[in-house]
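Report on one structure; see the data block that follows.
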Amino acid sequence: MEKQVREFQAETKQLLNLMVHSIYTNREIFLRELISNASDAIDKIRFQSLTNVELLEGDSEFQIFLEVDETNHTLTISDNGIGMTYDEVVENIGTIAKSGTKAFLEKMQTQAAEKQSVAELIGQFGVGFYSAFMVADQVTLITRAAGVDKAVKWESTGDGTYSIEETERSGRGTTIILKLNEEYRNAEKPEENFLNRYTLQNLVKKYSNYIRYPIKLNFPKEVKPVDENGKEIEGATPAQTIETRVLNSMTPLWTKNKSEITAEEYQEFYKSVFYDWTEPLEIMHTKVEGVVEYTALLFIPGHAPFDFYTREYQQGIKLYCRNVFIMDNCQDLLPEYLKFVRGIVDSSDFSLNISREILQQDKQLKLIGKNLEKSVLKNLENLLNNDRAKYEKFWNEFGKAIKSGLYLNVQAKEKLQNLLLFPSSKGEGLVTLDEYIKRMPEGQTEIYYAAAKDKNAVERLPQMEVLREKGYEVLYFFDRVDEFAIESLHEYQGKHFKSISRGDLNLNSDQDQEAKKATEELRKENEPLLKAIKDRLGNKVVEVKLSNRLKSSAVCLVSGEDGISLQMEQILAELDQTVLKAARILEINPNHPIFKTLQNLHQAGSEKFGDYVDLLYGQALLIEGLSVEDPLDFSNKVANLMVQAVG
Ligand code: ADP
């Protein structure tokens with residue numbers, strides 16, 4: 001095939017431009033990115049060779065080699081990983097297929113101004129390869145896929161185009177040659193001189209120490225000639241030889257005894273293995289012997305990764321068998337609601353030849369998973385009881401995962417309900433269900449909650465007034481998953497959950513009984529009026545009622561006791577599930593002056609009556625944060641009213 005010159009995809013161009021021209025510190029991370037790509041490529045061939053050993057063609061000494069060439073100013077990184085075919089090079093290197101890229105670009109542009117840790121972003125968003133252009137004027141990639149004869153050469157100066165052609169390479173794998181920019185091969189600035197072997201050595205130690213394949217670099221070495229007795233010969237010219245050093249330690253930290261591992265070592269391990277720049281919130285290191293044997297080193301990150309709440313996020317634990325890596329992101333070990341846990345599990349019970357399909361039925365794995373789940377939950381419980389501030393930090397990052405877990409997995413109720421935290425009408429802090437129950441005043445029998453957009457909106461709900469007056473605490477639900485999660489809980493310690501915007505409030509005191517009676521009498525007296533209002537609104541509402549939950553507001557909209565709520569309806573509508581509708585009930589405050597006005601208009605048979613009813617319903621929608629069905633009609637009616645009011 002002829003050599004071709006192609007254009008980068010538009011987003012790639014943009015990305016390259018940013019990489020090359022912005023003033024970022026920390027350009028050194030390009031090395032970590034390229035090494036980690038090489039390591040991933042070796043993982044892939046290793047995994048495939050478990051079922052097809054011929055792919056290896058006899059080369060099973062997995063390694064990553066760094067080479068410096070001072071004369072040509074190049075740094076080369078090569079691996080004997082899986083390599084890429086022609087099409088794969090075009091696919092992987094010419095375009096950025098990932099949906100995260102746009103998000104990355106946006107974030108990078110906003111953060112560039114603040115000069116924030118772009119290195120962190122680059123690592124997180126997986127645009128690693130392009131980081132080579134931060135230090136190189138030209139990047140050449142030569143790769144040969146395992147089991148394929150032809151190799152491919154890709155080359156670019158990062159200016160919008162790249163060339164691609166067929167070439168030769170002895171054996172599978174990928175070689176990346178960086179023609180370093182003048183600034184990054186300046187002997188006077190050793191820490192940024194990527195031709196300096198000691199700089200490279202330090203960088204590997206810093207970022208890639210736990211890469212599980214040897215990262216090698218040749219060092220020139222002078223050997224002084226010796227005589228037959230092994231004594232140095234004075235004055236003889238030393239011979240120049242080469243010593244190949246392995247730069248990374250590769251030690252599986254988890255196999256050491258806990259007492260021998262320092263806090264810094266744990267943190268370094270976590271950061272370099274899981275590409276996180278922030279310290280983990282919790283570290284759990286356990287060794288278990290007995291029916292199943294395993295060592296687990298698990299971490300709860302300090303921050304949710306940028307894609308944590310998207311489908312792109314890859315949940316999972318790394319599996320090892322006696323220090324030998326088996327697979328990344330094993331999802332079958334921990335349930336989805338603990339998907340934030342990162343870590344490794346090493347067990348001699350795992351088979352090296354394990355495939356993802358077999359794993360799902362693996363009994364040992366299930367058993368280990370159960371144990372791990374227990375210990376993570378226990379850890380969280382301890383945190384909640386003993387270090388509330390830290391737990392709240394955890395909750396702010398990952399609480400939604402736990403709540404979604406409750407919704408998606410009803411059996412998890414017992415395990416998760418004690419971990420829940422909610423903001424509430426009492427103070428600024430968060431409250432557990434237990435704490436809520438403990439401070440319930442006498443006479444309160446249910447757990448009240450209100451779902452709304454934010455604190456401002458919830459505190460303005462007309463329904464809040466009467467609860468405030470009674471001194472009843474109300475849990476606030478601001479996450480869209482909250483109400484769904486609580487619906488699946490039904491009750492906590494025998495106390496039912498009760499939305500303040502659903503069905504009757506049943507506040508259960510003598511006063512309420514009296515108020516109810518009074519309202520019932522009023523209802524009877526006003527039956528024709530209520531019917532007229534309902535008739536006007538038609539099937540927009542299922543019922544029109546007199547309210548005893550309103551104090552100063554004229555109206556509110558509530559939903560029926562069963563079925564979904566108004567807030568749930570909105571969320572489902574956003575997910576295009578418009579089939580489900582909440583049953584809407586319009587409640588009118590009989591003590592509000594507007595009620596008298598309605599009575600009068602109705603009695604007089606006024607033609608304004610219909611408009612007033614429409615306006616009231618519109619108001620009720622707006623208070624709930626919903627939109628009025630016909631905004632133009634609504635505002636025309638308001639305008640008419642304003643004109644009439646002044647006369
Ligand atoms: P990421 O590594 O996060 O996927 P990169 O931009 O670093 O993003 O790489 C894009 C893709 O190019 C990789 O997913 C991989 O398929 C391929 N690739 C990069 N480096 C190598 C390599 N050394 N060997 C084989 N494939 C590679």
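Going through the structure tokens in order, the chains are called A, B, and so on, while each chain numbers its residues from 1 and the ligands are numbered from 1 in the order shown.
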* Shell around stretch 75-92 of chain A at 9 Å using only C-alpha atoms, local window under 6 positions removed, as a PyMOL selection string -> chain A and resi 31+34-35+38-46+59-69+142-146+148+150-154+164-166+171-180+194-195
* Which polymer residues have any atom within 9 Å of an atom of A:Lys545, counting only C-alpha atoms, with same-chain residues fewer than 4 positions away left out, as a list in words? -> Arg523, Leu530, Ile585, Leu586, Glu587, Ile588 and Asn589 of chain A
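One distance worth recording is that between atom CA of A:Ile300 and atom CA of A:Lys370, which is 17.4 Å.
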* **Shell around A:Pro335 at 10 Å using only C-alpha atoms, local window under 2 positions removed, as an MDAnalysis selection string** => chainID A and resid 315:316 331:333 337:339 369:370 373 405 409 412
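For the choices A:Asp434, A:Ile533, A:Val638, A:Gly429, the atom-to-atom distance to A:Leu601 is smallest for A:Ile533 when using only C-alpha atoms.
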* To do: For A:Met19, work out the shell of residues within 8 Å, counting only C-alpha atoms and skipping chain neighbours fewer than 4 positions away, then give it as a ChimeraX atom specification.
  => /A:15,130-131,133-134
Please, could you write that set of residues out with all heavy atoms as a compact mmCIF listing (two decimals), in the first residue's frame?
# COMPACT_ATOMS: atom_id res chain seq x y z
N LEU A 15 -7.36 19.11 19.95
CA LEU A 15 -6.69 18.56 21.11
C LEU A 15 -5.17 18.73 20.98
O LEU A 15 -4.49 19.17 21.91
CB LEU A 15 -7.04 17.07 21.21
CG LEU A 15 -6.51 16.34 22.42
CD1 LEU A 15 -7.16 16.90 23.67
CD2 LEU A 15 -6.85 14.86 22.32
N TYR A 130 -1.60 11.32 22.63
CA TYR A 130 -1.33 12.66 22.09
C TYR A 130 -0.45 13.50 23.01
O TYR A 130 0.10 14.51 22.59
CB TYR A 130 -2.65 13.39 21.82
CG TYR A 130 -3.51 12.64 20.85
CD1 TYR A 130 -4.55 11.85 21.29
CD2 TYR A 130 -3.23 12.68 19.50
CE1 TYR A 130 -5.32 11.13 20.40
CE2 TYR A 130 -3.98 11.96 18.60
CZ TYR A 130 -5.03 11.19 19.06
OH TYR A 130 -5.77 10.46 18.18
N SER A 131 -0.34 13.10 24.25
CA SER A 131 0.49 13.88 25.16
C SER A 131 1.95 13.84 24.69
O SER A 131 2.75 14.68 25.09
CB SER A 131 0.36 13.36 26.60
OG SER A 131 0.85 12.05 26.68
N PHE A 133 2.98 14.81 21.99
CA PHE A 133 3.24 16.05 21.26
C PHE A 133 3.55 17.23 22.20
O PHE A 133 3.90 18.30 21.74
CB PHE A 133 2.07 16.38 20.34
CG PHE A 133 2.01 15.46 19.15
CD1 PHE A 133 1.16 14.37 19.15
CD2 PHE A 133 2.84 15.66 18.06
CE1 PHE A 133 1.12 13.50 18.07
CE2 PHE A 133 2.81 14.80 16.97
CZ PHE A 133 1.94 13.72 16.98
N MET A 134 3.39 17.02 23.49
CA MET A 134 3.75 18.08 24.42
C MET A 134 5.27 18.27 24.47
O MET A 134 5.76 19.32 24.83
CB MET A 134 3.25 17.76 25.84
CG MET A 134 1.74 17.73 25.95
SD MET A 134 1.16 17.90 27.65
CE MET A 134 1.92 16.52 28.44
